[in-house]
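Trainee: Below is the file data21.csv, with CSV, C-alpha atoms.
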chain,number,residue,atom,x,y,z
A,66,ASP,CA,-4.0,-2.9,6.9
A,67,ALA,CA,-2.2,-0.5,4.6
A,68,LYS,CA,-1.6,-2.2,1.3
A,69,THR,CA,1.5,-2.5,-1.0
A,70,THR,CA,1.7,-3.2,-4.7
A,71,GLN,CA,4.7,-4.9,-6.3
A,72,PRO,CA,5.3,-6.4,-9.7
A,73,ASN,CA,4.8,-10.2,-9.7
A,74,SER,CA,8.3,-10.9,-11.1
A,75,MET,CA,11.5,-9.3,-12.3
A,76,GLU,CA,14.6,-10.6,-13.9
A,77,SER,CA,18.1,-9.2,-13.7
A,78,ASN,CA,21.7,-10.1,-14.7
A,79,GLU,CA,24.3,-11.3,-12.3
A,80,GLU,CA,26.6,-8.5,-11.0
A,81,GLU,CA,24.2,-5.8,-12.1
A,82,PRO,CA,22.1,-3.5,-9.9
A,83,VAL,CA,18.5,-4.4,-9.3
A,84,HIS,CA,15.7,-1.9,-8.4
A,85,LEU,CA,12.6,-3.5,-6.9
A,86,PRO,CA,9.7,-1.0,-6.8
A,87,CYS,CA,6.8,-0.9,-4.3
A,88,ASN,CA,3.8,1.4,-4.2
A,89,HIS,CA,2.0,2.2,-1.0
A,90,SER,CA,-0.2,5.1,-1.7
A,91,THR,CA,-2.3,4.6,1.5
A,92,ILE,CA,0.6,4.7,3.9
A,93,SER,CA,0.0,6.4,7.2
A,94,GLY,CA,2.3,8.5,9.3
A,95,THR,CA,3.3,5.8,11.7
A,96,ASP,CA,3.9,3.1,9.1
A,97,TYR,CA,7.5,1.9,8.6
A,98,ILE,CA,8.4,0.4,5.2
A,99,HIS,CA,10.0,-3.0,5.7
A,100,TRP,CA,11.5,-5.4,3.1
A,101,TYR,CA,11.9,-9.1,3.7
A,102,ARG,CA,13.0,-11.7,1.3
A,103,GLN,CA,12.3,-15.5,1.2
A,104,LEU,CA,14.8,-17.9,-0.4
A,105,PRO,CA,13.4,-21.2,-1.6
A,106,SER,CA,12.3,-23.5,1.2
A,107,GLN,CA,13.3,-21.0,3.9
A,108,GLY,CA,11.6,-18.6,6.2
A,109,PRO,CA,11.6,-14.9,5.4
A,110,GLU,CA,14.8,-12.9,6.1
A,111,TYR,CA,14.8,-9.3,7.1
A,112,VAL,CA,16.5,-7.0,4.5
A,113,ILE,CA,16.0,-3.4,5.5
A,114,HIS,CA,13.4,-0.9,6.8
A,115,GLY,CA,12.9,2.8,6.9
A,116,LEU,CA,10.5,5.6,7.7
A,117,THR,CA,11.3,8.7,5.7
A,118,SER,CA,15.0,8.9,4.9
A,119,ASN,CA,16.9,6.6,2.6
A,120,VAL,CA,18.6,3.8,4.4
A,121,ASN,CA,21.7,1.7,3.6
A,122,ASN,CA,23.0,-1.5,5.1
A,123,ARG,CA,25.3,-4.3,4.0
A,124,MET,CA,22.5,-6.1,2.1
A,125,ALA,CA,20.8,-3.3,0.3
A,126,SER,CA,19.6,0.3,0.1
A,127,LEU,CA,16.1,1.6,0.5
A,128,ALA,CA,15.1,4.7,-1.4
A,129,ILE,CA,11.8,6.3,-0.1
A,130,ALA,CA,9.9,8.8,-2.1
A,131,GLU,CA,9.4,12.2,-0.6
A,132,ASP,CA,5.7,11.7,-0.3
A,133,ARG,CA,6.3,8.2,1.1
A,134,LYS,CA,3.8,6.7,-1.4
A,135,SER,CA,6.4,4.5,-3.0
A,136,SER,CA,9.8,3.0,-2.3
A,137,THR,CA,12.5,1.1,-4.1
A,138,LEU,CA,14.8,-1.6,-2.8
A,139,ILE,CA,18.2,-1.5,-4.4
A,140,LEU,CA,20.5,-4.5,-4.6
A,141,HIS,CA,23.7,-2.9,-5.8
A,142,ARG,CA,25.3,-6.0,-7.4
A,143,ALA,CA,23.0,-9.0,-7.7
A,144,THR,CA,24.4,-12.5,-7.2
A,145,LEU,CA,22.7,-15.8,-7.9
A,146,ARG,CA,22.0,-16.1,-4.2
A,147,ASP,CA,19.8,-13.0,-4.3
A,148,ALA,CA,17.2,-15.0,-6.3
A,149,ALA,CA,14.2,-14.9,-4.0
A,150,VAL,CA,10.7,-13.5,-3.4
A,151,TYR,CA,11.0,-10.0,-2.1
A,152,TYR,CA,8.2,-8.6,0.1
A,153,CYS,CA,7.5,-4.9,0.7
A,154,ILE,CA,5.5,-4.6,3.9
A,155,LEU,CA,4.1,-1.6,5.9
A,156,ARG,CA,4.2,-2.0,9.6
A,157,ASP,CA,2.7,0.4,12.2
A,158,GLU,CA,5.3,0.6,14.8
A,159,THR,CA,3.5,2.7,17.4
A,160,TRP,CA,4.6,0.7,20.5
A,161,TYR,CA,1.1,-0.1,21.6
A,162,SER,CA,-0.3,-0.8,18.1
A,163,SER,CA,-2.0,-4.1,17.6
A,164,ALA,CA,-1.4,-3.6,13.8
A,165,SER,CA,2.3,-4.2,14.0
A,166,LYS,CA,2.1,-7.9,13.0
A,167,ILE,CA,3.6,-8.5,9.6
A,168,ILE,CA,1.1,-9.3,6.9
A,169,PHE,CA,2.7,-10.5,3.6
A,170,GLY,CA,1.4,-9.6,0.2
A,171,SER,CA,2.3,-11.5,-2.9
A,172,GLY,CA,5.8,-10.0,-3.3
A,173,THR,CA,8.1,-9.9,-6.3
A,174,ARG,CA,9.9,-13.1,-7.5
A,175,LEU,CA,13.4,-12.0,-8.6
A,176,SER,CA,15.3,-14.2,-11.0
A,177,ILE,CA,19.0,-13.7,-11.6
A,178,ARG,CA,20.5,-14.6,-15.0
A,179,PRO,CA,24.1,-15.9,-14.8
B,271,GLY,CA,21.6,-11.6,15.5
B,272,ALA,CA,18.4,-13.0,16.9
B,273,VAL,CA,17.7,-16.6,16.0
B,274,VAL,CA,14.4,-18.4,15.9
B,275,SER,CA,14.7,-22.2,15.6
B,276,GLN,CA,11.9,-24.5,14.5
B,277,HIS,CA,11.7,-28.3,14.9
B,278,PRO,CA,11.2,-30.5,13.1
B,279,SER,CA,12.2,-29.0,9.7
B,280,ARG,CA,10.2,-31.7,7.9
B,281,VAL,CA,7.6,-34.2,9.0
B,282,ILE,CA,5.6,-36.8,7.1
B,283,CYS,CA,2.8,-38.6,8.8
B,284,LYS,CA,-0.4,-40.5,8.3
B,285,SER,CA,-3.8,-38.9,8.0
B,286,GLY,CA,-5.6,-38.6,11.4
B,287,THR,CA,-2.5,-38.2,13.5
B,288,SER,CA,-1.6,-35.0,15.5
B,289,VAL,CA,1.6,-33.2,14.8
B,290,LYS,CA,3.5,-30.8,17.1
B,291,ILE,CA,5.8,-28.2,15.8
B,292,GLU,CA,8.2,-26.3,18.2
B,293,CYS,CA,9.4,-22.8,17.8
B,294,ARG,CA,12.2,-21.5,20.1
B,295,SER,CA,13.8,-18.1,20.4
B,296,LEU,CA,17.5,-18.9,21.1
B,297,ASP,CA,19.0,-15.7,22.3
B,298,PHE,CA,16.1,-13.4,23.2
B,299,GLN,CA,12.8,-13.5,25.1
B,300,ALA,CA,9.9,-13.8,22.7
B,301,THR,CA,7.0,-11.9,24.3
B,302,THR,CA,5.0,-12.3,21.1
B,303,MET,CA,5.1,-15.2,18.6
B,304,PHE,CA,3.3,-15.6,15.3
B,305,TRP,CA,2.5,-18.6,13.2
B,306,TYR,CA,2.2,-18.5,9.5
B,307,ARG,CA,1.2,-21.1,6.8
B,308,GLN,CA,2.4,-21.1,3.2
B,309,PHE,CA,1.0,-23.2,0.4
B,310,PRO,CA,3.1,-23.8,-2.7
B,311,LYS,CA,3.6,-20.7,-4.9
B,312,GLN,CA,1.6,-18.6,-2.5
B,313,SER,CA,2.5,-16.0,0.1
B,314,LEU,CA,2.7,-16.5,3.8
B,315,MET,CA,-0.7,-16.3,5.6
B,316,LEU,CA,-0.8,-15.3,9.2
B,317,MET,CA,-2.7,-17.9,11.3
B,318,ALA,CA,-2.4,-16.7,14.8
B,319,THR,CA,-0.6,-14.4,17.3
B,320,SER,CA,0.3,-15.4,20.8
B,321,ASN,CA,1.6,-13.6,23.8
B,322,GLU,CA,3.4,-15.5,26.5
B,323,GLY,CA,1.0,-16.8,29.1
B,324,SER,CA,-2.1,-15.8,27.2
B,325,LYS,CA,-4.4,-17.5,24.8
B,326,ALA,CA,-3.6,-17.1,21.1
B,327,THR,CA,-5.5,-14.8,18.9
B,328,TYR,CA,-6.5,-16.5,15.6
B,329,GLU,CA,-7.0,-14.8,12.3
B,330,GLN,CA,-10.4,-15.1,10.6
B,331,GLY,CA,-11.0,-18.5,9.1
B,332,VAL,CA,-8.4,-20.4,11.1
B,333,GLU,CA,-9.9,-23.1,13.3
B,334,LYS,CA,-8.5,-22.8,16.8
B,335,ASP,CA,-9.5,-26.3,17.7
B,336,LYS,CA,-7.6,-27.6,14.7
B,337,PHE,CA,-4.5,-25.6,15.3
B,338,LEU,CA,-3.6,-25.6,19.0
B,339,ILE,CA,-1.1,-23.0,20.0
B,340,ASN,CA,0.7,-23.0,23.3
B,341,HIS,CA,3.1,-20.2,24.4
B,342,ALA,CA,3.9,-21.2,27.9
B,343,SER,CA,7.4,-19.6,28.2
B,344,LEU,CA,9.3,-16.7,26.8
B,345,THR,CA,11.4,-18.9,24.6
B,346,LEU,CA,9.0,-21.6,23.4
B,347,SER,CA,5.8,-21.8,21.4
B,348,THR,CA,4.2,-24.9,20.0
B,349,LEU,CA,1.7,-25.4,17.2
B,350,THR,CA,-0.2,-28.7,17.2
B,351,VAL,CA,-2.1,-29.7,14.1
B,352,THR,CA,-4.8,-32.0,15.4
B,353,SER,CA,-6.2,-34.9,13.4
B,354,ALA,CA,-4.2,-33.8,10.4
B,355,HIS,CA,-5.5,-34.4,6.9
B,356,PRO,CA,-3.8,-34.1,3.5
B,357,GLU,CA,-5.2,-30.6,3.0
B,358,ASP,CA,-3.2,-29.5,6.1
B,359,SER,CA,0.0,-30.3,4.2
B,360,SER,CA,1.8,-27.0,4.0
B,361,PHE,CA,4.9,-25.0,5.1
B,362,TYR,CA,4.5,-23.7,8.6
B,363,ILE,CA,6.7,-20.8,9.7
B,364,CYS,CA,6.9,-19.2,13.1
B,365,SER,CA,8.1,-15.8,14.0
B,366,ALA,CA,9.0,-14.1,17.3
B,367,ARG,CA,9.3,-10.6,18.7
B,368,GLU,CA,10.9,-9.3,21.9
B,369,GLY,CA,9.1,-6.4,23.5
B,370,GLY,CA,6.7,-3.9,22.0
B,371,SER,CA,5.2,-3.4,18.5
B,372,ASN,CA,8.2,-1.4,17.4
B,373,GLN,CA,10.7,-4.3,17.8
B,374,PRO,CA,11.9,-6.5,14.9
B,375,GLN,CA,10.1,-9.7,14.1
B,376,HIS,CA,12.4,-12.7,13.5
B,377,PHE,CA,11.5,-15.7,11.5
B,378,GLY,CA,12.3,-19.4,11.7
B,379,ASP,CA,13.2,-21.6,8.8
B,380,GLY,CA,9.9,-23.3,8.6
B,381,THR,CA,8.5,-26.8,9.0
B,382,ARG,CA,7.3,-28.7,5.9
B,383,LEU,CA,4.4,-30.9,6.9
B,384,SER,CA,3.2,-33.6,4.6
B,385,ILE,CA,0.1,-35.7,5.4
B,386,LEU,CA,-0.3,-38.9,3.5
Could you render the structure from this file as structure tokens?

Mentor:
Amino acid sequence: DAKTTQPNSMESNEEEPVHLPCNHSTISGTDYIHWYRQLPSQGPEYVIHGLTSNVNNRMASLAIAEDRKSSTLILHRATLRDAAVYYCILRDETWYSSASKIIFGSGTRLSIRP
Amino acid sequence: GAVVSQHPSRVICKSGTSVKIECRSLDFQATTMFWYRQFPKQSLMLMATSNEGSKATYEQGVEKDKFLINHASLTLSTLTVTSAHPEDSSFYICSAREGGSNQPQHFGDGTRLSIL
């Protein structure tokens, strides 16, 4: 499985933007970049995903490097409810691929200061 | 959006008993379901993948006779932890996908299993 590297932890202030980095230097052409987050005592929650172009949704933005070897999840205005573990995951989405199951790395634990 | 429901959310039982956890897709047909396990302060670890009507595929190191998975319908999968022991205490999370590999994978809210 293609591997991702994330910082173990990050801290940010409430109401400020947060940039969560992810390195994936061995990404292949059919790998999509997915971000999930896990709040305490809950299952993972989908945040955003993309292939090559930057993506925006109501939760966050995803900025993907031109060479696709890194990406950044951007929370535009952090709230206390955004405190969670954020996972950056590569997923082969070729429709017949047996490698499309989601494998979690260690993620980044994000703390938000009030 | 797609909802995956797990039941129970928490279970406490004595060592040696078997425990069944249910995972249901509420508004879509889950052709593929996944079971994960998560120990405190660790990441999720994939245990097995099951397709409806087929035997589950277990990840390396996961005992299939210990963790019985049944995926008999397109909306229900069950995980049975047989003869549970304290070391089986963990947070078990199911996930479901409708259709092919390029479809989203949705997660349940987990079941916290405590074996006394």

Trainee: Within 9 Å of A:His99, counting only C-alpha atoms, which residues qualify if same-chain residues fewer than 5 places away don't, as a PyMOL selection string?

Mentor: chain A and resi 111-116+152-156

Trainee: Let's have the selection written as an mmCIF file, keeping the file's coordinate frame, with C-alpha atoms.

Mentor:
data_model
loop_
_atom_site.group_PDB
_atom_site.id
_atom_site.type_symbol
_atom_site.label_atom_id
_atom_site.label_comp_id
_atom_site.auth_asym_id
_atom_site.auth_seq_id
_atom_site.Cartn_x
_atom_site.Cartn_y
_atom_site.Cartn_z
ATOM 1 C CA TYR A 111 14.800 -9.300 7.100
ATOM 2 C CA VAL A 112 16.500 -7.000 4.500
ATOM 3 C CA ILE A 113 16.000 -3.400 5.500
ATOM 4 C CA HIS A 114 13.400 -0.900 6.800
ATOM 5 C CA GLY A 115 12.900 2.800 6.900
ATOM 6 C CA LEU A 116 10.500 5.600 7.700
ATOM 7 C CA TYR A 152 8.200 -8.600 0.100
ATOM 8 C CA CYS A 153 7.500 -4.900 0.700
ATOM 9 C CA ILE A 154 5.500 -4.600 3.900
ATOM 10 C CA LEU A 155 4.100 -1.600 5.900
ATOM 11 C CA ARG A 156 4.200 -2.000 9.600
#

Trainee: Using only C-alpha atoms, I'd like every residue of chain A that has an atom within 12 Å of chain B; please write them out as a PyMOL selection string.

Mentor: chain A and resi 73+95-97+99-114+150-152+156-174

Trainee: Name the residues, using the chain letters and numbers of the file, that sit within 6 Å of (-1.4, -34.9, 16.4) when counting only C-alpha atoms, and give them as a list in words.

Mentor: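 Looking at atoms near the point gives Thr287, Ser288, Val289, Val351, Thr352 and Ser353 of chain B.
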
Trainee: Just checking: using all atoms listed in the file, which residue out of A:Ile98, A:Ile139, A:Leu145, A:Leu85 ends up closest to A:Ile177?

Mentor: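 Counting all atoms listed in the file, the residue closest to A:Ile177 is A:Leu145.
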
Trainee: Can you tell me, as a ChimeraX atom specification, what residues are no more than 10 Å from B:His341 when counting all atoms listed in the file, ignoring any on the same chain fewer than 3 positions away?

Mentor: /B:293,300-303,319-326,344-349

Trainee: Create the file for the chosen residues now, containing C-alpha atoms and written as a short mmCIF file (atom, residue, chain, number, x, y, z; two decimals), in the coordinates of the input.

Mentor:
data_model
loop_
_atom_site.label_atom_id
_atom_site.label_comp_id
_atom_site.auth_asym_id
_atom_site.auth_seq_id
_atom_site.Cartn_x
_atom_site.Cartn_y
_atom_site.Cartn_z
CA CYS B 293 9.40 -22.80 17.80
CA ALA B 300 9.90 -13.80 22.70
CA THR B 301 7.00 -11.90 24.30
CA THR B 302 5.00 -12.30 21.10
CA MET B 303 5.10 -15.20 18.60
CA THR B 319 -0.60 -14.40 17.30
CA SER B 320 0.30 -15.40 20.80
CA ASN B 321 1.60 -13.60 23.80
CA GLU B 322 3.40 -15.50 26.50
CA GLY B 323 1.00 -16.80 29.10
CA SER B 324 -2.10 -15.80 27.20
CA LYS B 325 -4.40 -17.50 24.80
CA ALA B 326 -3.60 -17.10 21.10
CA LEU B 344 9.30 -16.70 26.80
CA THR B 345 11.40 -18.90 24.60
CA LEU B 346 9.00 -21.60 23.40
CA SER B 347 5.80 -21.80 21.40
CA THR B 348 4.20 -24.90 20.00
CA LEU B 349 1.70 -25.40 17.20
#

Trainee: Using only C-alpha atoms, determine which residues lie at most 9 Å from A:Cys87, disregarding the query and same-chain residues fewer than 3 positions distant; provide the list as a list of chain:residue names.

Mentor: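 My list of contacting residues is A:Thr69, A:Thr70, A:Gln71, A:Pro72, A:Lys134, A:Ser135, A:Ser136, A:Thr137, A:Leu138, A:Tyr152, A:Cys153.
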
Trainee: Distance atom CA of A:Ala128-atom CA of A:Arg178, one decimal place?

Mentor: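 For atom CA of A:Ala128 relative to atom CA of A:Arg178, the distance reads 24.2 Å.
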
Trainee: Distance atom CA of B:Val273-atom CA of B:Ala366, one decimal place?

Mentor: 9.1 Å

Trainee: If I take atom CA of B:Gln276 and atom CA of A:Leu175, how far is one from the other in Å, to one decimal?

Mentor: 26.3 Å

Trainee: Using only C-alpha atoms, can you tell me which of B:Cys283, B:Leu296, B:Val274, B:Ala318 comes closest to B:Phe337?

Mentor: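 With only C-alpha atoms as the atom set, the closest residue is B:Ala318.
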